Every structure is written in structure tokens, then in C-alpha cells.
Amino acid sequence: MITKILIDDARFALENGAGSDAIHKDPTYSYAVTKLVDDSDIMGSGFAFTLGEGNDLVCKAAQFYANKLIGKDIEELMANFGKVFNDLSNEQQFRWLGPHKGVVHLGLASVTNACYDLWAKKRKLPLWKLLIDLSPEQILNTLDLSYLEDELSREQALQLMQSQIAGKKEREKIIETGYTGYDTSIGWFNYPDEKVRENCKKAVAEGFTAMKLKVGSTDSERDIRRANIVRETAGEKVKVMLDANQQWTLPQAIKICKQLQSINPYWIEEPTHPDDVLAHKTLANAIAPTKLALGEHVPNRIIFKNYLQAKCADFIQVDAVRVGGVSEFITVSLLCKKFGIPVVPHVGDMGQLHQHLVLFNHISLGHEALFLEHIPHLQKHFVHPAIIENGVYKTPQETGSSCDLKI
């Protein structure tokens, strides 16, 4: 049983413009870390991602949720974690602070992710292996499908998962080949043009076939110039994504996205306010066939449902350290599978946890294995950093979810 709770406020300063975007120009990559220790001294680690200030508030919320798990057995918790998640996320006083978003939901994500890590370590398995070995019924027992009944009932979710069993063995080949990555660090917002050019050449040399540039400058000509640098340097065969990090109003987004179409972007990401579903719908119609990606700042499964219903998101970037953790990530992945929309996670975890989750998405849910974002800045702080060779994530073999930090 869980006997001890440890909460850490971990913050890591970045250097030389790394991590910068149009909105967050001077970020401090930070984690609200939950550690659950059981009576056999096995420790499960999980976290939520922030950019510095307020990380202590998320830690306080995580402490509140984690305290409710003391004395609980991890196997018993995970056998019906969907109910545990529902109970915690709807705790009567904390729910007022959300619901299902903001500081309290990030705190719950930290605790949820620690539960999954402890579960995998208790079973002496990497998280991806634990998840793909579970039956559809066992997976569903870990999920909270409330407020999704109009689109995804438990019976529909079960049928969806059962329909993917037939091709599972074939899809398991990805365990040997690895999961393709894309380089999101070639063009941070504060990088000068020449550094963007050098980084593009480096990424291509390292085997990456897709890369992302930060846009959203007050001077749109800067965005256009830099996007052309990436396209010219990387070549026509490389997928180039553009990320505005919510900077534009809808009129600005329509105008600038049309200008950026000249470089044939694979997607344009977070073009406007993340709560404005109808603005994304209007934009998607205005710039078709250029595709939109979103989800980094979408906090819960209900808003993702709304985006899918509106048919304005071509790629869903749900992040397990942003929504309510692994449980809600899988719930959103199931929704996306129903709607036929690919999941390409944002990696606030630097890819550590998501390298497990995309394997589950592909093998068990039948999602297309597109690629996974790669951000290298915090690798030295992880006990088992993600390994990327020739632009490909190598399948992790250590037990757990790869989220243990050297703190």
C-alpha cells in the first residue's frame, strides 16, 4: 500500500533562447512532481508541466489529491481508476477552482501520472508494455468517460478497442523499429535567423524528416521570412510545421495563415485562443486545405470533444502532463480514434512519458504512427532520458514511465 507522499517543485532554467515562443518569451521549464512510495519502498513518479511561476500552487494541489491515496493499494486503485479519477476531479471544494482545468487539474495530472508509474514498476514492466497487455475492459476501468456519453459510451469505447485487436500483432513491430520523432527545437522564437538555418541543417543530418518553427511575431514578415528559411534549408520532402502559440486574433490568423501557405506547412499549430472553438472552425474553413493542430493548452476531454465535434482540428496534441494525466490522455485518444483524427502529443514531459503512450495509441488503439515531438533540453535531468537515434525514439525498456528525475 502507499505509505508516503513526496512533492517536489522542480524548476530548470533554459539558456540562449531555448523554449521561447510568441507568448512565452522567457520560460522556466518546471515540474510539479508527485512521488508515491509504497510499503515495499517502490516509488512511483509523476508530474505536471508549468513554465515557472505558479508551480508551487500546482504542488499544493497535488499534495491535496495525493494525501487521499495514503493507505491504498496500487493494484486496487488501478483496477477501478476511472472512478478514482472521477471522484478526485469532482471533489466538491476543489472542483470550484476548475472544473477540470487550471492549477487543480494539473495537480491531479501529477498524481495520476505517479499512479501509473507506480503500477508499472510494481508489475516490473515499462508502462507501454503494461498498457498494451491490458484487456480493453481493464483499460476502460482506468478511464472516466463522464460528459462524453453523447459521443462515446462505455459500450462504444469497448467495441472500438475490441475492433483493433486483430491487427495488434502486426502493429507491435514498431517496438523493434522505434517511433519516429520530429525536431521542435530548430526554431525557437528568440533564435536569430542564422541559428534557425544551422539548426535545420543539423536536424536533417541527424535523420529528422519533420521539424517545427515558432511563429507569431508582431511583424508577420519576420514569420514569413523565417518559414521560407526553414523550407529552403530543409527541402521540399521534409514536413515543416508552424506554431503560433495562440498569438493571433482570428482576423490576424486568417490573413497570416494564408500568407504562410506558400511554404506548404504540414500544419499550423495553436493559431488563436485555445478556448475559442468557433474561431478555429472559421479559420479552418478559410485556409483549407491547410491543416490545423491544437491541444497543448486544451485542459480536458470535454473541450477536446467540442473541437472534434466542430471538425476543425486535423491533429490533436493532447498532453498527459497538461490534461488530467495518463487516464484522460487515453480517453482523448479513444475519442480521436472514433472521429478518425490522429493524435500527435505535445510533450511537456520532453517525450519521456509520451514515448510510452504513443506506442499504446498505435498498438492497442490502431492510431497511425505519425511522429512524436522531440525536445532535448532537459535530458540530463532524467534518470532514464529518452533515446533518439536517426530521428527515431528507441523503445524504452526500463520499468515505469521514464519520469524519474535526478532530484
# chains A, B, ... in the order shown; residues from 1 in each chain; ligands from 1
>>> residues_around(residues="range 307-320 of chain A", least_positions_apart="4", cutoff="7 Å", atoms="only C-alpha atoms", output="compact mmCIF listing (two decimals) with N, CA and C atoms, in the first residue's frame")
# COMPACT_ATOMS: atom_id res chain seq x y z
N VAL A 277 -13.38 27.58 -29.85
CA VAL A 277 -13.64 26.51 -30.81
C VAL A 277 -14.18 27.09 -32.12
N HIS A 280 -11.59 28.63 -34.41
CA HIS A 280 -10.82 27.61 -35.14
C HIS A 280 -11.64 27.04 -36.29
N LYS A 281 -12.93 26.89 -36.10
CA LYS A 281 -13.79 26.40 -37.17
C LYS A 281 -13.79 27.38 -38.34
N ALA A 284 -10.33 27.24 -40.01
CA ALA A 284 -10.13 26.00 -40.77
C ALA A 284 -10.82 26.09 -42.13
N LYS A 291 -3.89 22.45 -42.80
CA LYS A 291 -4.43 21.78 -41.62
C LYS A 291 -4.05 22.48 -40.33
N LEU A 292 -4.93 22.32 -39.33
CA LEU A 292 -4.70 22.90 -38.01
C LEU A 292 -4.39 21.82 -36.99
N ALA A 293 -3.47 22.13 -36.09
CA ALA A 293 -3.14 21.26 -34.96
C ALA A 293 -3.36 22.05 -33.68
N LEU A 294 -3.88 21.37 -32.65
CA LEU A 294 -4.11 22.08 -31.38
C LEU A 294 -4.23 21.08 -30.25
N GLY A 295 -4.09 21.59 -29.03
CA GLY A 295 -4.28 20.74 -27.86
C GLY A 295 -3.31 21.00 -26.73
N GLU A 296 -2.21 21.69 -27.01
CA GLU A 296 -1.23 21.96 -25.95
C GLU A 296 -1.87 22.63 -24.75
N ILE A 303 -13.54 19.65 -23.71
CA ILE A 303 -13.22 20.65 -24.74
C ILE A 303 -12.64 19.98 -25.98
N GLY A 324 -5.62 15.71 -17.36
CA GLY A 324 -5.57 15.06 -16.05
C GLY A 324 -4.69 13.84 -15.95
N GLY A 325 -3.68 13.74 -16.81
CA GLY A 325 -2.74 12.63 -16.72
C GLY A 325 -3.02 11.54 -17.73
N VAL A 326 -2.37 10.39 -17.54
CA VAL A 326 -2.44 9.28 -18.49
C VAL A 326 -3.89 8.85 -18.73
N PHE A 329 -5.57 11.29 -21.00
CA PHE A 329 -4.90 11.18 -22.31
C PHE A 329 -5.49 10.03 -23.11
N PHE A 339 -13.38 9.64 -34.07
CA PHE A 339 -13.56 10.69 -35.07
C PHE A 339 -12.58 10.58 -36.23
N ILE A 341 -9.29 11.15 -36.16
CA ILE A 341 -8.30 12.24 -36.10
C ILE A 341 -7.03 11.73 -35.41
N PRO A 342 -5.85 11.93 -36.01
CA PRO A 342 -4.61 11.44 -35.40
C PRO A 342 -4.22 12.20 -34.14
N VAL A 343 -3.56 11.51 -33.23
CA VAL A 343 -3.04 12.09 -32.00
C VAL A 343 -1.53 12.26 -32.14
N VAL A 344 -1.06 13.50 -32.04
CA VAL A 344 0.36 13.81 -32.10
C VAL A 344 0.66 14.66 -30.87
N PRO A 345 1.01 14.04 -29.74
CA PRO A 345 1.06 14.76 -28.46
C PRO A 345 2.03 15.94 -28.43
N HIS A 346 1.62 16.97 -27.70
CA HIS A 346 2.57 17.98 -27.23
C HIS A 346 3.34 17.32 -26.09
N VAL A 347 4.63 17.63 -25.94
CA VAL A 347 5.43 16.89 -24.95
C VAL A 347 5.99 17.82 -23.87
N GLY A 348 5.10 18.25 -22.97
CA GLY A 348 5.58 18.98 -21.80
C GLY A 348 6.50 18.13 -20.94
>>> residues_around(residues="Glu172 in chain A", least_positions_apart="5", cutoff="12 Å", atoms="only C-alpha atoms", output="MDAnalysis selection string")
chainID A and resid 128:129 132:133 165:167 177:179 358:366 369 395
>>> closest_residue(among="A:Lys83, A:Lys121, A:Arg95, A:Lys195", to="Thr142 in chain A", atoms="only C-alpha atoms")
A:Lys83
>>> residues_around(residues="range 9-18 of chain A", least_positions_apart="3", cutoff="8 Å", atoms="only C-alpha atoms", output="short mmCIF file (atom, residue, chain, number, x, y, z; two decimals) with C-alpha atoms, in the first residue's frame")
data_model
loop_
_atom_site.label_atom_id
_atom_site.label_comp_id
_atom_site.auth_asym_id
_atom_site.auth_seq_id
_atom_site.Cartn_x
_atom_site.Cartn_y
_atom_site.Cartn_z
CA LYS A 25 9.40 34.51 -24.30
CA ASP A 26 11.37 33.66 -21.15
CA PRO A 27 10.13 30.29 -19.83
CA THR A 28 11.45 28.27 -16.91
CA TYR A 29 10.61 24.63 -17.65
CA SER A 30 9.14 23.33 -14.41
CA TYR A 31 7.52 20.22 -12.98
CA ALA A 32 5.17 19.72 -10.06
CA VAL A 33 6.41 16.27 -9.10
CA GLY A 52 7.78 28.56 -13.60
CA ASN A 55 4.46 25.71 -9.98
CA ASP A 56 4.25 25.84 -6.18
CA CYS A 59 2.43 21.25 -6.00
CA SER A 185 13.85 22.92 -31.38
CA TRP A 188 12.55 28.77 -31.04
CA PHE A 189 11.09 32.26 -31.16
CA ASN A 190 14.16 34.07 -29.84
CA TYR A 191 16.62 32.33 -32.16
CA HIS A 377 16.64 20.49 -23.25
CA LEU A 378 16.04 18.55 -20.01
CA ILE A 407 16.19 15.24 -7.70
#
>>> residues_around(residues="Ala386 in chain A", least_positions_apart="5", cutoff="12 Å", atoms="only C-alpha atoms", output="count of residues only")
34
>>> select_by_dssp(residues="range 71-192 of chain A", states="strand (DSSP E or B)", output="list of chain:residue names")
A:Pro126, A:Tyr179, A:Thr180, A:Gly181, A:Tyr182, A:Asp183, A:Thr184, A:Ser185, A:Ile186, A:Gly187
>>> residues_around(residues="Leu242 in chain A", least_positions_apart="4", cutoff="12 Å", atoms="only C-alpha atoms", output="VMD selection string")
chain A and resid 21 to 22 184 to 189 210 to 216 223 to 224 226 to 228 230 to 231 246 256 to 257 260 to 261 263 to 271 290 to 294
>>> select_by_dssp(residues="range 136-220 of chain A", states="helix (DSSP H, G or I)", output="number ranges by chain")
A: 136-141, 154-162, 168-171, 174-177, 193-205, 220
>>> write_last_selection(atoms="C-alpha atoms", output="PDB file, in the first residue's frame")
ATOM      1  CA  PRO A 136      -9.982  -3.488 -23.403  1.00  0.00           C
ATOM      2  CA  GLU A 137     -12.140  -3.914 -20.296  1.00  0.00           C
ATOM      3  CA  GLN A 138      -9.168  -3.299 -17.993  1.00  0.00           C
ATOM      4  CA  ILE A 139      -8.196  -0.154 -19.925  1.00  0.00           C
ATOM      5  CA  LEU A 140     -11.751   1.150 -19.754  1.00  0.00           C
ATOM      6  CA  ASN A 141     -11.797   0.636 -15.999  1.00  0.00           C
ATOM      7  CA  ARG A 154     -18.548   2.717 -22.458  1.00  0.00           C
ATOM      8  CA  GLU A 155     -20.093   0.195 -24.839  1.00  0.00           C
ATOM      9  CA  GLN A 156     -18.925   2.141 -27.898  1.00  0.00           C
ATOM     10  CA  ALA A 157     -15.434   2.521 -26.437  1.00  0.00           C
ATOM     11  CA  LEU A 158     -15.256  -1.204 -25.720  1.00  0.00           C
ATOM     12  CA  GLN A 159     -16.345  -2.060 -29.239  1.00  0.00           C
ATOM     13  CA  LEU A 160     -13.814   0.369 -30.676  1.00  0.00           C
ATOM     14  CA  MET A 161     -10.967  -1.193 -28.704  1.00  0.00           C
ATOM     15  CA  GLN A 162     -12.053  -4.756 -29.487  1.00  0.00           C
ATOM     16  CA  LYS A 168      -2.354  -5.663 -32.892  1.00  0.00           C
ATOM     17  CA  LYS A 169       0.418  -8.197 -33.559  1.00  0.00           C
ATOM     18  CA  GLU A 170       1.345  -6.522 -36.825  1.00  0.00           C
ATOM     19  CA  ARG A 171       1.465  -3.099 -35.180  1.00  0.00           C
ATOM     20  CA  ILE A 174       7.044  -0.726 -34.037  1.00  0.00           C
ATOM     21  CA  ILE A 175       8.544  -1.859 -30.720  1.00  0.00           C
ATOM     22  CA  GLU A 176      11.613  -3.001 -32.680  1.00  0.00           C
ATOM     23  CA  THR A 177      11.789  -0.219 -35.243  1.00  0.00           C
ATOM     24  CA  ASP A 193      17.658  33.599 -38.466  1.00  0.00           C
ATOM     25  CA  GLU A 194      21.120  32.148 -38.914  1.00  0.00           C
ATOM     26  CA  LYS A 195      20.705  29.840 -35.943  1.00  0.00           C
ATOM     27  CA  VAL A 196      17.411  28.618 -37.416  1.00  0.00           C
ATOM     28  CA  ARG A 197      19.229  27.856 -40.660  1.00  0.00           C
ATOM     29  CA  GLU A 198      22.040  26.000 -38.862  1.00  0.00           C
ATOM     30  CA  ASN A 199      19.570  24.023 -36.757  1.00  0.00           C
ATOM     31  CA  CYS A 200      17.651  22.941 -39.856  1.00  0.00           C
ATOM     32  CA  LYS A 201      20.827  21.577 -41.425  1.00  0.00           C
ATOM     33  CA  LYS A 202      21.700  19.812 -38.176  1.00  0.00           C
ATOM     34  CA  ALA A 203      18.230  18.254 -37.849  1.00  0.00           C
ATOM     35  CA  VAL A 204      18.332  16.893 -41.393  1.00  0.00           C
ATOM     36  CA  ALA A 205      21.816  15.486 -40.777  1.00  0.00           C
ATOM     37  CA  SER A 220       4.370  38.955 -39.845  1.00  0.00           C
TER      38      SER A 220
END
